[in-house]
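A.B. asks: Sharing run11.pdb below, PDB, C-alpha atoms:
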```pdb
ATOM      1  CA  MET A   1     135.561 132.434 136.572  1.00  0.00           C
ATOM      2  CA  THR A   2     137.283 130.604 133.750  1.00  0.00           C
ATOM      3  CA  THR A   3     137.613 126.933 133.148  1.00  0.00           C
ATOM      4  CA  ARG A   4     141.083 125.775 132.259  1.00  0.00           C
ATOM      5  CA  THR A   5     141.223 123.177 129.547  1.00  0.00           C
ATOM      6  CA  ALA A   6     143.965 120.618 129.298  1.00  0.00           C
ATOM      7  CA  PRO A   7     146.358 121.201 126.401  1.00  0.00           C
ATOM      8  CA  ALA A   8     145.880 119.012 123.363  1.00  0.00           C
ATOM      9  CA  ARG A   9     147.846 115.805 123.685  1.00  0.00           C
ATOM     10  CA  ALA A  10     148.761 113.402 120.935  1.00  0.00           C
ATOM     11  CA  PRO A  11     147.460 109.863 121.454  1.00  0.00           C
ATOM     12  CA  ASP A  12     149.985 107.277 122.624  1.00  0.00           C
ATOM     13  CA  GLY A  13     151.819 105.603 119.768  1.00  0.00           C
ATOM     14  CA  TRP A  14     150.729 108.271 117.268  1.00  0.00           C
ATOM     15  CA  TRP A  15     154.043 108.066 115.462  1.00  0.00           C
ATOM     16  CA  SER A  16     153.525 104.468 114.396  1.00  0.00           C
ATOM     17  CA  GLY A  17     150.109 105.173 112.869  1.00  0.00           C
ATOM     18  CA  HIS A  18     151.252 106.303 109.424  1.00  0.00           C
ATOM     19  CA  PRO A  19     154.416 105.875 107.327  1.00  0.00           C
ATOM     20  CA  ARG A  20     154.747 109.677 107.083  1.00  0.00           C
ATOM     21  CA  TYR A  21     154.734 109.983 110.885  1.00  0.00           C
ATOM     22  CA  ARG A  22     157.333 107.211 111.201  1.00  0.00           C
ATOM     23  CA  ASN A  23     159.517 108.905 108.597  1.00  0.00           C
ATOM     24  CA  TYR A  24     159.199 112.206 110.444  1.00  0.00           C
ATOM     25  CA  VAL A  25     160.145 110.641 113.773  1.00  0.00           C
ATOM     26  CA  PHE A  26     163.159 108.874 112.253  1.00  0.00           C
ATOM     27  CA  PHE A  27     164.241 112.194 110.763  1.00  0.00           C
ATOM     28  CA  ALA A  28     163.901 113.919 114.134  1.00  0.00           C
ATOM     29  CA  ALA A  29     165.846 111.091 115.805  1.00  0.00           C
ATOM     30  CA  SER A  30     168.643 111.383 113.246  1.00  0.00           C
ATOM     31  CA  GLY A  31     170.166 114.022 115.534  1.00  0.00           C
ATOM     32  CA  VAL A  32     171.601 111.068 117.497  1.00  0.00           C
ATOM     33  CA  PRO A  33     173.753 109.603 114.672  1.00  0.00           C
ATOM     34  CA  LEU A  34     174.788 113.138 113.667  1.00  0.00           C
ATOM     35  CA  ALA A  35     176.099 113.933 117.139  1.00  0.00           C
ATOM     36  CA  LEU A  36     177.739 110.506 117.511  1.00  0.00           C
ATOM     37  CA  ALA A  37     179.399 110.843 114.084  1.00  0.00           C
ATOM     38  CA  CYS A  38     180.905 114.149 115.207  1.00  0.00           C
ATOM     39  CA  VAL A  39     182.183 112.551 118.426  1.00  0.00           C
ATOM     40  CA  VAL A  40     183.806 109.668 116.486  1.00  0.00           C
ATOM     41  CA  LEU A  41     185.452 112.099 114.045  1.00  0.00           C
ATOM     42  CA  LEU A  42     186.566 114.386 116.886  1.00  0.00           C
ATOM     43  CA  LEU A  43     188.225 111.421 118.583  1.00  0.00           C
ATOM     44  CA  GLY A  44     190.158 110.964 115.342  1.00  0.00           C
ATOM     45  CA  VAL A  45     191.214 114.617 115.338  1.00  0.00           C
ATOM     46  CA  ARG A  46     192.295 114.236 118.968  1.00  0.00           C
ATOM     47  CA  ALA A  47     194.307 111.131 118.022  1.00  0.00           C
ATOM     48  CA  LEU A  48     196.001 113.164 115.273  1.00  0.00           C
ATOM     49  CA  GLY A  49     196.974 115.705 117.919  1.00  0.00           C
ATOM     50  CA  GLN A  50     198.374 112.989 120.183  1.00  0.00           C
ATOM     51  CA  GLY A  51     200.793 111.572 117.636  1.00  0.00           C
ATOM     52  CA  HIS A  52     201.434 108.784 115.166  1.00  0.00           C
ATOM     53  CA  ALA A  53     200.807 105.887 117.593  1.00  0.00           C
ATOM     54  CA  ALA A  54     197.465 107.311 118.766  1.00  0.00           C
ATOM     55  CA  TRP A  55     196.359 107.770 115.137  1.00  0.00           C
ATOM     56  CA  GLN A  56     197.255 104.172 114.273  1.00  0.00           C
ATOM     57  CA  ALA A  57     195.400 102.933 117.371  1.00  0.00           C
ATOM     58  CA  TYR A  58     192.353 104.983 116.342  1.00  0.00           C
ATOM     59  CA  LEU A  59     192.352 103.436 112.861  1.00  0.00           C
ATOM     60  CA  ALA A  60     192.806  99.947 114.353  1.00  0.00           C
ATOM     61  CA  GLN A  61     189.822 100.470 116.679  1.00  0.00           C
ATOM     62  CA  LEU A  62     187.643 101.639 113.808  1.00  0.00           C
ATOM     63  CA  GLY A  63     188.799  98.690 111.697  1.00  0.00           C
ATOM     64  CA  SER A  64     187.580  96.090 114.188  1.00  0.00           C
ATOM     65  CA  LEU A  65     184.282  94.331 113.452  1.00  0.00           C
ATOM     66  CA  PRO A  66     182.270  96.202 116.126  1.00  0.00           C
ATOM     67  CA  GLY A  67     183.928  99.450 115.036  1.00  0.00           C
ATOM     68  CA  GLN A  68     182.966  98.904 111.421  1.00  0.00           C
ATOM     69  CA  LEU A  69     179.409  97.884 112.286  1.00  0.00           C
ATOM     70  CA  GLY A  70     178.991 101.037 114.359  1.00  0.00           C
ATOM     71  CA  CYS A  71     180.491 103.231 111.644  1.00  0.00           C
ATOM     72  CA  TRP A  72     178.237 101.771 108.940  1.00  0.00           C
ATOM     73  CA  LEU A  73     175.196 102.413 111.155  1.00  0.00           C
ATOM     74  CA  LEU A  74     176.327 105.992 111.742  1.00  0.00           C
ATOM     75  CA  LEU A  75     176.900 106.431 108.015  1.00  0.00           C
ATOM     76  CA  LEU A  76     173.411 105.143 107.188  1.00  0.00           C
ATOM     77  CA  GLY A  77     171.882 107.489 109.775  1.00  0.00           C
ATOM     78  CA  THR A  78     173.892 110.410 108.421  1.00  0.00           C
ATOM     79  CA  ILE A  79     172.950 109.699 104.789  1.00  0.00           C
ATOM     80  CA  PHE A  80     169.286 109.404 105.797  1.00  0.00           C
ATOM     81  CA  PHE A  81     169.562 112.784 107.532  1.00  0.00           C
ATOM     82  CA  SER A  82     171.320 114.391 104.529  1.00  0.00           C
ATOM     83  CA  VAL A  83     168.751 113.241 101.998  1.00  0.00           C
ATOM     84  CA  ARG A  84     165.809 114.280 104.196  1.00  0.00           C
ATOM     85  CA  TRP A  85     167.361 117.628 105.106  1.00  0.00           C
ATOM     86  CA  LEU A  86     168.170 118.532 101.514  1.00  0.00           C
ATOM     87  CA  ARG A  87     164.646 117.574 100.447  1.00  0.00           C
ATOM     88  CA  VAL A  88     163.140 119.697 103.231  1.00  0.00           C
ATOM     89  CA  GLY A  89     165.559 122.498 102.309  1.00  0.00           C
ATOM     90  CA  VAL A  90     163.758 122.947  99.003  1.00  0.00           C
ATOM     91  CA  LYS A  91     160.740 124.227 100.943  1.00  0.00           C
ATOM     92  CA  ILE A  92     162.687 126.849 102.919  1.00  0.00           C
ATOM     93  CA  PRO A  93     161.771 130.335 101.642  1.00  0.00           C
ATOM     94  CA  LEU A  94     164.582 131.644  99.492  1.00  0.00           C
ATOM     95  CA  VAL A  95     166.484 134.839 100.043  1.00  0.00           C
ATOM     96  CA  ARG A  96     165.729 136.953  96.991  1.00  0.00           C
ATOM     97  CA  ILE A  97     168.682 138.684  95.373  1.00  0.00           C
ATOM     98  CA  GLY A  98     167.481 142.015  94.022  1.00  0.00           C
ATOM     99  CA  PRO A  99     164.924 141.749  91.229  1.00  0.00           C
ATOM    100  CA  LEU A 100     165.971 138.215  90.243  1.00  0.00           C
ATOM    101  CA  PRO A 101     163.085 135.739  90.459  1.00  0.00           C
ATOM    102  CA  ALA A 102     163.429 132.783  92.838  1.00  0.00           C
ATOM    103  CA  PRO A 103     164.492 129.637  91.002  1.00  0.00           C
ATOM    104  CA  PRO A 104     161.864 126.892  90.703  1.00  0.00           C
ATOM    105  CA  ALA A 105     161.893 124.080  93.275  1.00  0.00           C
ATOM    106  CA  PRO A 106     163.337 121.410  90.927  1.00  0.00           C
ATOM    107  CA  VAL A 107     166.359 123.646  90.242  1.00  0.00           C
ATOM    108  CA  ILE A 108     166.991 124.056  93.988  1.00  0.00           C
ATOM    109  CA  TRP A 109     166.542 120.305  94.498  1.00  0.00           C
ATOM    110  CA  VAL A 110     169.107 119.495  91.798  1.00  0.00           C
ATOM    111  CA  ALA A 111     171.487 122.148  93.188  1.00  0.00           C
ATOM    112  CA  HIS A 112     171.265 120.670  96.713  1.00  0.00           C
ATOM    113  CA  PHE A 113     171.999 117.122  95.610  1.00  0.00           C
ATOM    114  CA  ALA A 114     174.686 118.227  93.148  1.00  0.00           C
ATOM    115  CA  GLY A 115     176.284 120.061  96.085  1.00  0.00           C
ATOM    116  CA  LEU A 116     176.150 116.907  98.219  1.00  0.00           C
ATOM    117  CA  LEU A 117     177.714 114.747  95.498  1.00  0.00           C
ATOM    118  CA  THR A 118     180.359 117.330  94.606  1.00  0.00           C
ATOM    119  CA  LEU A 119     181.432 117.957  98.200  1.00  0.00           C
ATOM    120  CA  THR A 120     181.439 114.228  99.016  1.00  0.00           C
ATOM    121  CA  ALA A 121     183.649 113.569  95.982  1.00  0.00           C
ATOM    122  CA  LEU A 122     185.920 116.487  96.937  1.00  0.00           C
ATOM    123  CA  VAL A 123     186.309 115.269 100.520  1.00  0.00           C
ATOM    124  CA  LEU A 124     187.111 111.727  99.330  1.00  0.00           C
ATOM    125  CA  LEU A 125     189.614 112.996  96.742  1.00  0.00           C
ATOM    126  CA  VAL A 126     191.385 115.044  99.428  1.00  0.00           C
ATOM    127  CA  LEU A 127     191.372 112.189 101.958  1.00  0.00           C
ATOM    128  CA  GLY A 128     192.465 109.754  99.242  1.00  0.00           C
ATOM    129  CA  GLY A 129     195.487 111.895  98.398  1.00  0.00           C
ATOM    130  CA  VAL A 130     194.388 112.731  94.853  1.00  0.00           C
ATOM    131  CA  ILE A 131     194.065 116.429  95.712  1.00  0.00           C
ATOM    132  CA  LEU A 132     196.453 118.232  98.143  1.00  0.00           C
TER     133      LEU A 132
ATOM    134  CA  MET B   1     170.464 130.402 112.167  1.00  0.00           C
ATOM    135  CA  LEU B   2     172.703 127.849 113.938  1.00  0.00           C
ATOM    136  CA  PHE B   3     170.072 125.208 113.172  1.00  0.00           C
ATOM    137  CA  GLY B   4     169.959 125.908 109.437  1.00  0.00           C
ATOM    138  CA  ALA B   5     173.711 126.377 109.040  1.00  0.00           C
ATOM    139  CA  GLY B   6     174.387 123.226 111.042  1.00  0.00           C
ATOM    140  CA  GLY B   7     171.874 121.270 109.000  1.00  0.00           C
ATOM    141  CA  PHE B   8     173.462 122.213 105.693  1.00  0.00           C
ATOM    142  CA  ALA B   9     177.032 121.787 106.963  1.00  0.00           C
ATOM    143  CA  ALA B  10     176.219 118.320 108.328  1.00  0.00           C
ATOM    144  CA  ALA B  11     174.165 117.272 105.305  1.00  0.00           C
ATOM    145  CA  LEU B  12     176.805 118.306 102.774  1.00  0.00           C
ATOM    146  CA  LEU B  13     180.062 117.378 104.534  1.00  0.00           C
ATOM    147  CA  LEU B  14     179.500 114.647 107.118  1.00  0.00           C
ATOM    148  CA  PRO B  15     178.691 111.673 104.831  1.00  0.00           C
ATOM    149  CA  GLY B  16     181.938 112.043 102.861  1.00  0.00           C
ATOM    150  CA  LEU B  17     184.091 112.666 105.930  1.00  0.00           C
ATOM    151  CA  LEU B  18     182.517 109.816 107.865  1.00  0.00           C
ATOM    152  CA  PHE B  19     182.868 107.365 104.989  1.00  0.00           C
ATOM    153  CA  GLY B  20     186.439 108.402 104.217  1.00  0.00           C
ATOM    154  CA  ILE B  21     187.811 108.426 107.762  1.00  0.00           C
ATOM    155  CA  THR B  22     185.846 105.726 109.558  1.00  0.00           C
ATOM    156  CA  ILE B  23     185.284 103.195 106.765  1.00  0.00           C
ATOM    157  CA  ALA B  24     187.627 103.669 103.807  1.00  0.00           C
ATOM    158  CA  ALA B  25     190.742 104.534 105.856  1.00  0.00           C
ATOM    159  CA  PRO B  26     190.619 101.585 108.323  1.00  0.00           C
ATOM    160  CA  GLN B  27     189.829  99.211 105.450  1.00  0.00           C
ATOM    161  CA  GLY B  28     192.948 100.367 103.600  1.00  0.00           C
ATOM    162  CA  TRP B  29     191.066 101.617 100.552  1.00  0.00           C
ATOM    163  CA  PHE B  30     193.348 104.675 100.391  1.00  0.00           C
ATOM    164  CA  SER B  31     197.054 104.612  99.591  1.00  0.00           C
ATOM    165  CA  GLU B  32     199.712 104.613 102.325  1.00  0.00           C
ATOM    166  CA  TYR B  33     200.713 108.131 101.299  1.00  0.00           C
ATOM    167  CA  ALA B  34     197.112 109.364 101.651  1.00  0.00           C
ATOM    168  CA  LEU B  35     196.778 107.888 105.129  1.00  0.00           C
ATOM    169  CA  SER B  36     200.206 108.875 106.396  1.00  0.00           C
ATOM    170  CA  TYR B  37     200.072 110.577 109.767  1.00  0.00           C
ATOM    171  CA  HIS B  38     202.089 113.620 108.685  1.00  0.00           C
ATOM    172  CA  ARG B  39     199.884 114.294 105.664  1.00  0.00           C
ATOM    173  CA  LEU B  40     196.603 114.045 107.590  1.00  0.00           C
ATOM    174  CA  HIS B  41     197.985 116.045 110.509  1.00  0.00           C
ATOM    175  CA  GLY B  42     199.067 118.722 108.051  1.00  0.00           C
ATOM    176  CA  LEU B  43     195.607 118.828 106.483  1.00  0.00           C
ATOM    177  CA  ALA B  44     193.831 119.128 109.830  1.00  0.00           C
ATOM    178  CA  ALA B  45     196.281 121.459 111.546  1.00  0.00           C
ATOM    179  CA  ASN B  46     196.550 124.219 108.948  1.00  0.00           C
ATOM    180  CA  PRO B  47     194.386 127.313 109.620  1.00  0.00           C
ATOM    181  CA  VAL B  48     191.795 126.442 106.974  1.00  0.00           C
ATOM    182  CA  GLY B  49     191.534 122.852 108.229  1.00  0.00           C
ATOM    183  CA  ARG B  50     191.152 123.998 111.835  1.00  0.00           C
ATOM    184  CA  LEU B  51     188.449 126.512 110.926  1.00  0.00           C
ATOM    185  CA  LEU B  52     186.551 123.934 108.864  1.00  0.00           C
ATOM    186  CA  LEU B  53     186.695 121.308 111.606  1.00  0.00           C
ATOM    187  CA  VAL B  54     185.577 123.608 114.437  1.00  0.00           C
ATOM    188  CA  THR B  55     182.799 125.109 112.312  1.00  0.00           C
ATOM    189  CA  LEU B  56     181.509 121.755 111.090  1.00  0.00           C
ATOM    190  CA  PHE B  57     181.534 120.027 114.480  1.00  0.00           C
ATOM    191  CA  SER B  58     180.154 122.862 116.577  1.00  0.00           C
ATOM    192  CA  LEU B  59     177.377 123.746 114.122  1.00  0.00           C
ATOM    193  CA  THR B  60     176.409 120.079 113.845  1.00  0.00           C
ATOM    194  CA  PHE B  61     176.235 119.709 117.635  1.00  0.00           C
ATOM    195  CA  TRP B  62     173.874 122.712 117.897  1.00  0.00           C
ATOM    196  CA  HIS B  63     171.791 121.435 115.016  1.00  0.00           C
ATOM    197  CA  ALA B  64     171.508 117.965 116.556  1.00  0.00           C
ATOM    198  CA  ALA B  65     170.517 119.454 119.929  1.00  0.00           C
ATOM    199  CA  HIS B  66     167.726 121.509 118.384  1.00  0.00           C
ATOM    200  CA  HIS B  67     166.587 118.566 116.284  1.00  0.00           C
ATOM    201  CA  LEU B  68     166.457 116.265 119.322  1.00  0.00           C
ATOM    202  CA  ARG B  69     164.659 118.887 121.413  1.00  0.00           C
ATOM    203  CA  HIS B  70     161.818 118.881 118.922  1.00  0.00           C
ATOM    204  CA  PHE B  71     161.941 115.093 118.866  1.00  0.00           C
ATOM    205  CA  ALA B  72     161.548 115.042 122.662  1.00  0.00           C
ATOM    206  CA  LEU B  73     158.576 117.433 122.481  1.00  0.00           C
ATOM    207  CA  ASP B  74     156.949 115.260 119.813  1.00  0.00           C
ATOM    208  CA  LEU B  75     157.339 112.260 122.081  1.00  0.00           C
ATOM    209  CA  GLY B  76     155.349 114.019 124.800  1.00  0.00           C
ATOM    210  CA  LEU B  77     158.134 115.450 126.965  1.00  0.00           C
ATOM    211  CA  GLY B  78     156.644 118.962 126.767  1.00  0.00           C
ATOM    212  CA  ARG B  79     156.113 119.094 130.533  1.00  0.00           C
ATOM    213  CA  VAL B  80     159.853 118.860 131.142  1.00  0.00           C
ATOM    214  CA  GLN B  81     160.747 121.098 128.218  1.00  0.00           C
ATOM    215  CA  GLY B  82     163.048 123.281 130.314  1.00  0.00           C
ATOM    216  CA  ALA B  83     165.120 120.349 131.539  1.00  0.00           C
ATOM    217  CA  VAL B  84     165.264 118.786 128.072  1.00  0.00           C
ATOM    218  CA  SER B  85     166.421 122.071 126.503  1.00  0.00           C
ATOM    219  CA  PHE B  86     168.974 122.646 129.261  1.00  0.00           C
ATOM    220  CA  GLY B  87     170.364 119.123 128.853  1.00  0.00           C
ATOM    221  CA  LEU B  88     170.546 119.122 125.055  1.00  0.00           C
ATOM    222  CA  TYR B  89     171.870 122.649 124.581  1.00  0.00           C
ATOM    223  CA  GLY B  90     174.277 121.998 127.462  1.00  0.00           C
ATOM    224  CA  LEU B  91     175.595 118.965 125.568  1.00  0.00           C
ATOM    225  CA  ALA B  92     175.904 121.100 122.409  1.00  0.00           C
ATOM    226  CA  LEU B  93     177.940 123.645 124.382  1.00  0.00           C
ATOM    227  CA  LEU B  94     180.159 120.864 125.755  1.00  0.00           C
ATOM    228  CA  GLY B  95     180.595 119.496 122.231  1.00  0.00           C
ATOM    229  CA  THR B  96     181.602 122.944 120.982  1.00  0.00           C
ATOM    230  CA  LEU B  97     184.133 123.365 123.789  1.00  0.00           C
ATOM    231  CA  PHE B  98     185.481 119.859 123.131  1.00  0.00           C
ATOM    232  CA  SER B  99     185.845 120.669 119.411  1.00  0.00           C
ATOM    233  CA  LEU B 100     187.722 123.887 120.231  1.00  0.00           C
ATOM    234  CA  SER B 101     190.072 122.169 122.664  1.00  0.00           C
ATOM    235  CA  VAL B 102     190.779 119.213 120.343  1.00  0.00           C
ATOM    236  CA  VAL B 103     191.473 121.441 117.344  1.00  0.00           C
ATOM    237  CA  ALA B 104     193.584 123.830 119.426  1.00  0.00           C
ATOM    238  CA  ALA B 105     195.750 120.877 120.543  1.00  0.00           C
ATOM    239  CA  LEU B 106     196.591 119.862 116.954  1.00  0.00           C
TER     240      LEU B 106
END
```
Mind turning this structure into structure tokens?
C.D. replies:
Amino acid sequence: MTTRTAPARAPDGWWSGHPRYRNYVFFAASGVPLALACVVLLLGVRALGQGHAAWQAYLAQLGSLPGQLGCWLLLLGTIFFSVRWLRVGVKIPLVRIGPLPAPPAPVIWVAHFAGLLTLTALVLLVLGGVIL
Amino acid sequence: MLFGAGGFAAALLLPGLLFGITIAAPQGWFSEYALSYHRLHGLAANPVGRLLLVTLFSLTFWHAAHHLRHFALDLGLGRVQGAVSFGLYGLALLGTLFSLSVVAAL
């Protein structure tokens, strides 16, 4: 006869016990602003498909005070996610290419953030009409 | 795979897109030419634009679902793990289908 033991359970409120836990929980919760950001952008793409008037109405809705407050919150959540994800990404085991040694962590870190800055600038230059 | 690809796609592309479309555009920080309907429709509706949009949105939805599933488990919802997974991955599937239909209608 065996005695079943209850699975280990974290104490209530564990996540507020240490700044690292809080940071981790905020990172995990950042899936919410990511998904909402996609929905907001998809509504814009849908408005583009519905014509000029729908696109103008979409921009007007976003330009209202509640619209802007919501968008700034989503942007903050998304930036928080990006920075955390790219920092965590440094720890992901690298795919080795042939005999080449894996680059050191600081090089990967710089490459990740250079990629973020470059792509953000590229997207803004395209949207701003400087490119294309 | 979807989780990692979605994480990098969202981390690298979403901040710029979100800032440009939802903050800079409504505030009029871009020129009239840049914001003209025909230009933006042309950018989104060409094959490369369509592929980028569907890939970015669908991968991000799957990433967010996986991320939130772990969040739910951390918060002690392990006993209803099946329902949580079904709900979140179901939403990711709906988001993917919505992305496909919206981009197809461009």
A.B. asks: Evaluated on this file, the PyMOL selection byres ((chain A) within 8 of (chain B)) picks out some residues - which ones are they, written as a VMD selection string?
C.D. replies: chain A and resid 9 to 10 25 28 to 32 34 to 35 37 to 38 41 to 42 45 to 46 48 to 52 55 59 to 60 62 to 63 68 71 to 72 75 78 to 79 81 to 83 85 to 86 115 to 116 119 to 121 123 to 124 127 to 129
A.B. asks: Quick one, how far is CA of Trp15 in chain A from CA of Leu73 in chain B?
C.D. replies: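 Value for the CA of Trp15 in chain A-CA of Leu73 in chain B distance: 12.6 Å.
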A.B. asks: Would you mind reading off the distance between CA of Arg50 in chain B and CA of Val126 in chain A, one decimal, in Å?
C.D. replies: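 Pair CA of Arg50 in chain B / CA of Val126 in chain A returns 15.3 Å.
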A.B. asks: Could you check how far CA of Phe113 in chain A sits from CA of Val48 in chain B, in Å to one decimal?
C.D. replies: 24.7 Å
A.B. asks: Padding 3 Å on each side, edges along x, y and z: where is the centre of the box around the listed atoms of range 105-116 of chain A, and how long are its edges in Å to one decimal? Output it as JSON.
C.D. replies:
```
{"center_x": 169.1, "center_y": 120.5, "center_z": 94.2, "size_x": 20.4, "size_y": 13.2, "size_z": 14.0}
```
